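> One structure follows; several queries about it will come next.
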Amino acid sequence: MAPFSIAVLDVVVDQAEVVAQLHGRGTRQRAPVIAGDGVVREQTEQRTHALAAARAVMKIYRDEPVVRTLWERGQRLAEGLRQVAAQHNVSAFVEPLGRPCCLVFTSRDAEGKPSQPLRTLLIQELMKRGILAPSLVVGYSHSNEDIDRTIEAFGESLAIYRKALDEGVENYLVGRPVKPAFRTFA
């Protein structure tokens with residue numbers, strides 16, 4: 001539990017310093033202390049809600065299989081996406097990449113080049129089906145049913161993606177394509 005305590009201590013000290021500077025008070029007079037159980041406690045009790053939340057999260061990570069669950073569900077999601085992409089013959093164009101718990105997906109055109117219009121179309125179709133997925137970050141609260149629903153929505157959306165590859169994305173995309181978040185000129 002020590003790494004969590006150190007991280008929480010860093011955040012509390014950094015936040016307190018920033019807030020003190022913003023209010024023109026210089027640095028804080030009282031510093032957080034680490035209690036015998038390794039949990040950070042702040043003498044001024046200004047951030048007890050944040051510390052309580054941090055303790056609750058640390059307890060869940062200690063007592064429950066959070067990391068294993070994230071990886072298992074992420075692997076299940078990635079494999080499901082590969083299967084539905086293969087069913088719609090778009091595996092070369094849409095594929096999950098990254099660590100299972102934090103996936104992204106490609107969106108390529110018929111020439112295999114990255115395509116913002118096709119990415120926008122895929123996100124558009126996913127949103128129509130109740131899935132907001134510019135990326136695929138699995139959370140501990142996501143159930144197996146949520147993963148199945150996401151795979152199903154991708155399957156339906158990839159059918160449209162396939163049509164757009166064959167007939168032109170302009171025939172299916174509503175509105176203009178999104179622009180990449182990271183680009184040379186905004």
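Here, A, B, ... name the chains of the structure tokens in the order displayed, residue numbers run from 1 inside each chain, and ligands are numbered from 1 in the same displayed order.
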Counting only C-alpha atoms, what is within 10 Å of A:Ser91, bar same-chain residues fewer than 4 positions away, as an MDAnalysis selection string?

chainID A and resid 81:87 95:96 106 108 158

> For stretch 173-181 of chain A, list every protein, DNA or RNA residue within 7 Å, evaluated using only C-alpha atoms, and leave out those in the same chain fewer than 6 positions away; present the list as a list in words.

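In the requested format, the answer is Gln116, Pro117, Thr120 and Leu121 of chain A.
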
> What are the DSSP strand (DSSP E) residues of stretch 29-175 of chain A, as a compact mmCIF listing (two decimals) with C-alpha atoms, in the first residue's frame?


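File produced: selection_39.txt:
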```
# COMPACT_ATOMS: atom_id res chain seq x y z
CA VAL A 33 1.31 13.23 7.92
CA ILE A 34 1.44 9.53 7.26
CA VAL A 40 -2.21 9.92 4.57
CA ARG A 41 -4.02 12.14 7.02
CA PRO A 96 -8.35 -2.99 -31.73
CA LEU A 97 -4.87 -1.97 -30.60
CA GLY A 98 -3.23 -1.43 -27.23
CA ARG A 99 -3.42 -2.97 -23.81
CA CYS A 102 -7.15 0.63 -22.61
CA LEU A 103 -7.83 -0.08 -26.28
CA VAL A 104 -8.05 2.15 -29.31
CA PHE A 105 -9.21 1.09 -32.75
CA LEU A 136 -12.27 1.63 -25.49
CA VAL A 137 -11.21 2.07 -21.88
```

> Name the residues of stretch 40-126 of chain A that come out as alpha helix (DSSP H) in a backbone DSSP run; write them as a PyMOL selection string.

chain A and resi 48-63+66-87+116-126

> Between atom CA of A:Ile131 and atom CA of A:Ala153, what is the spacing in Å?

7.2 Å

> If you count only C-alpha atoms, which residues fall within 9 Å of stretch 141-146 of chain A, apart from same-chain ones fewer than 2 positions away, as a VMD selection string?

chain A and resid 70 73 76 138 to 139 148 to 151

> Point out the residue among A:Glu72, A:Glu79, A:Glu64, A:Glu156 with the least atom-to-atom distance to A:Lys128, counting only C-alpha atoms.

A:Glu156
